Each structure stands twice: as C-alpha cells, then as structure tokens.
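*Asks:* Sending over a structure as structure tokens; questions will come in a sec.
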Amino acid sequence: MSDRKLLTSTTGCSSPEISSQLSAYCFEDVPDSERRLFEAHLLDCDLCWSEVHRLGAGVQALRADKELLRTASVTDVSSVLGISAKLDWLMGGHLPHVLLASALYALSCSLMLPIEVAYAFDRFAPVAMKLTPIVFLWVFLTSALAFTLDWKNVLSGHGRGLVASTTTFLVSSAILYVGVWKFLPSFPVTQLRIQAYTAQAAYLKDILYFLPLAIAFMVVPFHLVVMLQRELQAGRHRLTLALISGERWAVSPAGTFYLSARTLWIFFVVAVLASIPMLAHLLDNLVPGPFMNLFVHLLQIRWALSVALGLECLGWYSRALNEVKRESVAVEMSSARLS
Amino acid sequence: MAVPDEDRALSSAIKAGDSAACETFDARYRQKIEWLVRRRGVRTEDCADIAQEILAAAFNQIQRGVFRGDSRVGTWLEAIVHGKVVDYLRSPAKRPIPSEASCWDHPDMDVAAAGGALINRPKSDLVLTVRELVQTLPPRHRMILILSKVGGYTTVEIARRLGWPKGTVGRILAEAQQMFRVMFAASEESSSTLRQSRCEGNE
C-alpha cells in the first residue's frame, strides 16, 4: 500500500471531519475539547466505534512494547539525524546557504551598474542609486526562486530541477540586462588608455562573466546535494558513497553532474588567480578622473564579494558532501556488520 | 449537524412509554457508555453502576422532554456522561483507576488481575503483529512514533533532541499514526478472514 493511500484512508463514516481525528484519539493526541466532541461522535457512529476498539488494542500493544526502543537500526537513526532527513525541510535544510549565496550574488550583480557609470557619477548617480536596490532585489529573489524550483523538483521526484534552476538564472539575467540596458549610455563611460567597452556592452560582459560562475558554484552543487539526499532517503547509500569516494563504476543520479569538491576548489583558485592580473591590467590603464577613486573602490568591493560568494559556496558544498558521506558510511558499515 | 429521523423516532417512542424503544436505546448505548466512563477514569467495578445512572438520567430527560432532538443523541448523552463522571471523580472514596489499566477490549488481549485492578495485556500474536507493522513504516515515521508512543517523549522534546522544527515532528507523527491505523485495520481484516477460513475448513 502506498504512503499516500495510507494517509488518506478513512472509515467510511458520515462525518469524515470528525473521524479524521480517530488515529489521534486512539494515540491520545487530541486536546480535551476535541476529545469530548469525538467521544460524542463515537456514541452516534458505530463505524468509528468499532474502528476505535480495534485500533485501541493495537496502540496499547505498541505503547507496552518497550522492546521496540531497542530495535532502532543505524538506518533508522540516520534517517532522522542524517542529512537525508532534512530533504523535506525548507530548501532541503540548506536555507542559510541559499539566503547567503543569493544575497552575495545579488550584491555582486547590483554593483555592476554603479561600476559601469562610476566614471561619470555626477551625471548617472540618480539612475544608479534608484536602480541598484531594484537590481539587488530582483537578483536575490530570482536566485532564491531558482533554488526553490530545484528543491521542489527533487522533492517531487522529477529530474528537471537542474534545468529549471539554470533556466531561471538565465532568464533572470536576460531580463535584468534588457531592463537595465535602456538606462545605460551607449558610449564608453570608463576612461581607459586602451579601447573601452560601451557601458551597455560592459554590463553585458559583466553578466556573462558572472553567470557561469553562479551556475558552477551555486546551481550545480546545490542540485547534486539535494539529489544525493534523495538517493540516501531511497536507501542507495552504497552508490552514493561510491560516487563521492570517486569509484570508477559509480554513476551520478540521473539529471545531475558530479563535480567533486576538489575540482571546484581548483576551479575557484584558478578563477581568483586569473582575476588578479585582469584587475591589475584594468587599473593600469585607467585614465585619472574625479571619480576614479569611487570606481576602483567599487571594483574591489565587487571582487571581494565574488571571492566571498565562491568561498561560501565551496565551504557549504564540502560540508554537505561530508555529511552525505558520513551518513552513507554509517549505514554501509552497519549493513556490512549485519551481513 | 442534522439529527437523524431514527434518533427522533426513538426518543419520541421512549417519551410515549414504549418499552421496546427503551430496550433498543439501552442496547445501543450501554456498552459504549460503560467503555467511555472506564476510559475517563472510573474504576472497572463501578462502570456498570455509573452507566446505569447515566441511562436512567437519559430516560428521565427524554420523558420530561428535556431532550428535544435539537442535537445528536451522542452530543446530548456525552454531556450526561461528562457530568456523572465528574461527580464520581469528585467523590473522596473514589480514585481513578491505575494508569496501566486498560479499557481496550480485543480478542487478542489477555485480562489479568494486578494490584487490585483488571488490566489487559496484549497477547503475543498482537505484539508480533504490531512489531511487524511498525517495521514496515518508513524509517523516519517509525523512529518518531517509537520515540513518542513507546519512549514517552513529547513532540517538543523530540524536536529539541533532533534539532528539527516542532511542526515537522508533529506532522510526521500524525502521518505515522494514520499509517499505523490503516495498516493495522488491513492486517486485522486479513487475519479475521484467515480465522474464518480455518473454522470453515474444520467444519
């Protein structure tokens, strides 16, 4: 019998709203006022009366059987204490990560606009000051939405979570660009000794730099972790452990890419190292101006935010994979002992 | 809530002094009332007397026209049960039955005397059935049900120990109880079918 069927079954009583309290009544989980109401119903309803009698004996047998306390297996314990148990919590139990990563990403994205117009801040300050909070909110909310869609998809057993969250990031960025585009000048604002991008093109370039990083560090790891939580819930501890341990035969769950934490760390270090000479090259070619100081500060803040975002995502990812591994090892070792 | 015509007809017949209606009423409610008062803490040996008092009060109210059929019989009768049990428990000579005593009647329960009170103990068959059912619950539901109903932990205590939201624990516990109920009913039905077919085989 499926779990859903088990949860919706009733006695066939004519007052289903009262008879839905039957289990709680037998387990003595109804408050006094409702208990009296239910007992009044029992006096009228023979169906519920016989059901209460039948179930009551079973409940008493359950309550009296202290042996049950000793039967909890490692699988049972891990199912309530391990990371797999948190899958149906909000965001799979990763709400702080989702909020922090979305906020850092939104902050980084919202700084793109003031950076691109900083050199002529006296002219563009009103637009930049008005749009920056809107951009922040937009990016923050759509990022959180992307995580939510992914989590909801995984929870409902669909394999489209990764596609849904990636598409959300892509569409959000496209709408952001279209929305901001008409407020940005179509000529270069930042004064450089080399050929500079127009503000519109520079904004697009910023988005194109950030989007792959967001997908690689936010979307793919989150999807993998929630999928692994689901795999553990389904009892596929061995396969999960083999995947995380790098066994050659192991395959990742359908619809996921497995990126090891080490691979992502290497990717992150390379990206940070590459960004340093790129930033230095930009600063070397700046033409001094009244708002150069503002531009350089904003640039450095955005760089620091990007690094913080990478570190946050990687720290969370490493910790989550460790928890997945710990649960898999505990269950596998207990199974091995039993066999 | 609509009052069934059957209830109205029965109370009218009792009011008119129809003895067959009184017997029908008695047969329909006496056992339930006895069970209910026992569940509310009346000693087993006093249950029949209290039930008798309740039924007498009920007949009296019907004959005096106090029960006008505006509510269900159960709702009205429960109020009488409540009043009588409160009176009983207020009496200094009366004490509630010990907590281990049970009001559950079941063909698989053994009745034994312990400490002056009758207690029902589940037979080994029932214990095994319940164990099997508990093992078939999903792991999280099983753990929460055992911690709550066998271990005696409250929802808040379980939530604190597991670091889970209280609402999640409450929801899983309610689901586990409902699953247990449905599976128990199914297992009872299959075992009674089995018993019946064995009896027919012996005949």
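As shown in the structure tokens, the chain order sets the letters A, B, ...; within each chain, residues go from 1, and ligands are also counted from 1 in the order they appear.
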Got a sec to pull out which chain A residues are within 7 Å of chain B, counting only C-alpha atoms, and send them as JSON, numbers by chain?

*Replies:* {"A": [6, 7, 9, 23, 40, 41, 43, 44, 53, 54, 55, 56, 57, 58, 61, 62, 63, 64, 65, 66, 68, 69, 76, 79, 80, 81]}

*Asks:* With only C-alpha atoms as the counted atoms, please give the residues lying no more than 10 Å from stretch 57-59 of chain B, apart from itself and same-chain residues fewer than 3 positions off, as an mmCIF file with N, CA and C atoms, in the first residue's frame.

*Replies:*
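Heads up, here's the output in result-v1.cif:
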data_model
loop_
_atom_site.group_PDB
_atom_site.id
_atom_site.type_symbol
_atom_site.label_atom_id
_atom_site.label_comp_id
_atom_site.auth_asym_id
_atom_site.auth_seq_id
_atom_site.Cartn_x
_atom_site.Cartn_y
_atom_site.Cartn_z
ATOM 1 N N SER B 11 -36.498 8.629 20.455
ATOM 2 C CA SER B 11 -36.757 9.430 21.657
ATOM 3 C C SER B 11 -38.267 9.667 21.833
ATOM 4 N N ILE B 14 -39.709 6.518 23.309
ATOM 5 C CA ILE B 14 -39.381 6.396 24.745
ATOM 6 C C ILE B 14 -40.284 7.332 25.553
ATOM 7 N N LYS B 15 -40.457 8.529 25.030
ATOM 8 C CA LYS B 15 -41.294 9.510 25.716
ATOM 9 C C LYS B 15 -42.738 8.989 25.848
ATOM 10 N N GLY B 17 -43.482 6.028 26.287
ATOM 11 C CA GLY B 17 -43.512 4.885 27.200
ATOM 12 C C GLY B 17 -43.379 3.541 26.525
ATOM 13 N N CYS B 22 -37.150 1.588 24.717
ATOM 14 C CA CYS B 22 -36.191 1.723 25.834
ATOM 15 C C CYS B 22 -35.115 0.642 25.724
ATOM 16 N N PHE B 25 -32.701 1.494 22.926
ATOM 17 C CA PHE B 25 -31.804 2.573 23.357
ATOM 18 C C PHE B 25 -30.715 2.012 24.278
ATOM 19 N N ASP B 26 -31.151 1.181 25.213
ATOM 20 C CA ASP B 26 -30.231 0.567 26.172
ATOM 21 C C ASP B 26 -29.189 -0.276 25.440
ATOM 22 N N ALA B 51 -22.899 3.591 34.418
ATOM 23 C CA ALA B 51 -23.629 3.520 33.142
ATOM 24 C C ALA B 51 -25.127 3.450 33.391
ATOM 25 N N GLN B 52 -25.497 2.684 34.427
ATOM 26 C CA GLN B 52 -26.920 2.566 34.769
ATOM 27 C C GLN B 52 -27.488 3.939 35.160
ATOM 28 N N GLU B 53 -26.703 4.681 35.964
ATOM 29 C CA GLU B 53 -27.152 6.021 36.394
ATOM 30 C C GLU B 53 -27.323 6.936 35.185
ATOM 31 N N ILE B 54 -26.372 6.824 34.264
ATOM 32 C CA ILE B 54 -26.414 7.687 33.075
ATOM 33 C C ILE B 54 -27.645 7.369 32.228
ATOM 34 N N ILE B 62 -35.507 12.349 28.629
ATOM 35 C CA ILE B 62 -36.351 12.180 27.428
ATOM 36 C C ILE B 62 -37.828 12.265 27.829
ATOM 37 N N GLN B 63 -38.150 11.584 28.917
ATOM 38 C CA GLN B 63 -39.561 11.564 29.328
ATOM 39 C C GLN B 63 -40.050 12.940 29.778
ATOM 40 N N ARG B 64 -39.116 13.728 30.350
ATOM 41 C CA ARG B 64 -39.511 15.085 30.776
ATOM 42 C C ARG B 64 -39.463 16.075 29.608
ATOM 43 N N GLY B 65 -39.016 15.569 28.467
ATOM 44 C CA GLY B 65 -38.968 16.436 27.278
ATOM 45 C C GLY B 65 -37.764 17.354 27.259
ATOM 46 N N VAL B 66 -36.736 17.044 28.099
ATOM 47 C CA VAL B 66 -35.520 17.882 28.116
ATOM 48 C C VAL B 66 -34.747 17.693 26.800
ATOM 49 N N PHE B 67 -34.710 16.433 26.337
ATOM 50 C CA PHE B 67 -34.071 16.175 25.031
ATOM 51 C C PHE B 67 -35.108 16.407 23.942
ATOM 52 N N VAL B 73 -27.993 12.548 19.479
ATOM 53 C CA VAL B 73 -28.098 11.845 20.764
ATOM 54 C C VAL B 73 -26.724 11.765 21.428
ATOM 55 N N TRP B 76 -25.723 14.982 23.251
ATOM 56 C CA TRP B 76 -26.512 15.154 24.483
ATOM 57 C C TRP B 76 -26.086 14.141 25.558
ATOM 58 N N LEU B 77 -25.919 12.879 25.101
ATOM 59 C CA LEU B 77 -25.552 11.813 26.037
ATOM 60 C C LEU B 77 -24.147 12.038 26.612
ATOM 61 N N ILE B 80 -24.199 14.203 29.584
ATOM 62 C CA ILE B 80 -24.633 13.497 30.804
ATOM 63 C C ILE B 80 -23.464 12.655 31.348
ATOM 64 N N VAL B 81 -22.777 11.955 30.421
ATOM 65 C CA VAL B 81 -21.622 11.130 30.820
ATOM 66 C C VAL B 81 -20.599 12.007 31.535
ATOM 67 N N LYS B 84 -21.741 13.008 35.082
ATOM 68 C CA LYS B 84 -21.732 11.875 36.029
ATOM 69 C C LYS B 84 -20.300 11.481 36.398
#

*Asks:* Using only C-alpha atoms, determine which residues lie at most 7 Å from A:Ala250, disregarding the query and same-chain residues fewer than 6 positions distant; provide the list as a PyMOL selection string.

*Replies:* chain A and resi 239+242-243

*Asks:* Hey, can you spit out that residue selection with N, CA and C atoms as a compact mmCIF listing (two decimals), in the first residue's frame?

*Replies:*
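The result, written out as result39.txt:
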# COMPACT_ATOMS: atom_id res chain seq x y z
N LEU A 239 25.78 3.30 -3.49
CA LEU A 239 26.04 4.01 -4.73
C LEU A 239 26.51 5.45 -4.45
N ALA A 242 30.04 5.39 -3.17
CA ALA A 242 30.98 5.11 -4.25
C ALA A 242 31.18 6.36 -5.11
N LEU A 243 30.12 7.08 -5.35
CA LEU A 243 30.21 8.29 -6.18
C LEU A 243 31.10 9.34 -5.51

*Asks:* If we count only C-alpha atoms and set the cut-off at 10 Å, which residues sit around A:Pro221, ignoring sequence neighbours fewer than 4 positions away in its own chain? Please answer as a PyMOL selection string.

*Replies:* chain A and resi 162+215-217+225-227+256-261+264+313-314+316-318+320-321

*Asks:* Once DSSP has gone over the backbone, tell me which residues of stretch 65-310 of chain A are in alpha helix (DSSP H), as a ChimeraX atom specification.

*Replies:* /A:74-81,95-117,121-155,161-181,199-214,220-233,237-245,261-284,292-310

*Asks:* Using only C-alpha atoms, determine which residues lie at most 12 Å from A:Glu231, disregarding the query and same-chain residues fewer than 3 positions distant; provide the list as an MDAnalysis selection string.

*Replies:* chainID A and resid 79 83:85 87 154:155 157 224:228 234:241 243 252:254 256 324 327:328

*Asks:* Atoms to include: C-alpha atoms. Write the selected residues as a compact mmCIF listing (two decimals), in the first residue's frame.

*Replies:*
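Just written: out-v5.txt:
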# COMPACT_ATOMS: atom_id res chain seq x y z
CA SER A 79 17.06 8.65 8.68
CA ILE A 83 21.37 14.92 6.07
CA SER A 84 18.82 12.84 4.15
CA ALA A 85 16.22 13.58 6.83
CA LEU A 87 15.39 16.98 2.39
CA VAL A 154 13.81 16.96 -6.49
CA LEU A 155 11.29 16.60 -3.68
CA GLY A 157 10.78 13.09 -7.76
CA LEU A 224 23.77 17.48 -6.59
CA VAL A 225 23.47 17.73 -2.81
CA VAL A 226 19.65 17.64 -2.75
CA MET A 227 19.67 14.77 -5.27
CA LEU A 228 22.11 12.85 -3.04
CA ALA A 234 15.74 5.89 -1.15
CA GLY A 235 18.34 3.69 0.57
CA ARG A 236 21.03 3.94 -2.15
CA HIS A 237 23.82 4.50 0.36
CA ARG A 238 26.37 2.29 -1.38
CA LEU A 239 26.04 4.01 -4.73
CA THR A 240 26.22 7.44 -3.12
CA LEU A 241 29.30 6.50 -1.14
CA LEU A 243 30.21 8.29 -6.18
CA SER A 252 25.77 10.11 -10.64
CA PRO A 253 21.98 10.22 -10.21
CA ALA A 254 20.00 10.93 -13.38
CA THR A 256 22.99 15.60 -12.22
CA VAL A 324 26.33 12.76 2.88
CA GLU A 327 25.60 9.02 6.66
CA SER A 328 26.46 6.63 3.82

*Asks:* Considering only C-alpha atoms, can you say which of A:Pro96, A:Pro188, A:Gly315, A:Gly310 comes closest to A:Phe267?

*Replies:*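 Answer, going by the shortest atom-to-atom distance: A:Gly310.
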
*Asks:* Residues within 7 Å of stretch 119-124 of chain A, please, as a PyMOL selection string. Count only C-alpha atoms; anything in the same chain fewer than 2 positions from it doesn't count.

*Replies:* chain A and resi 117+126-128+189-190+291-292+295

*Asks:* Atom CA of A:Ile301 and atom CA of A:Ser275, how far apart in Å?

*Replies:*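 If I compute the distance from atom CA of A:Ser275 to atom CA of A:Ile301, I get 13.5 Å.
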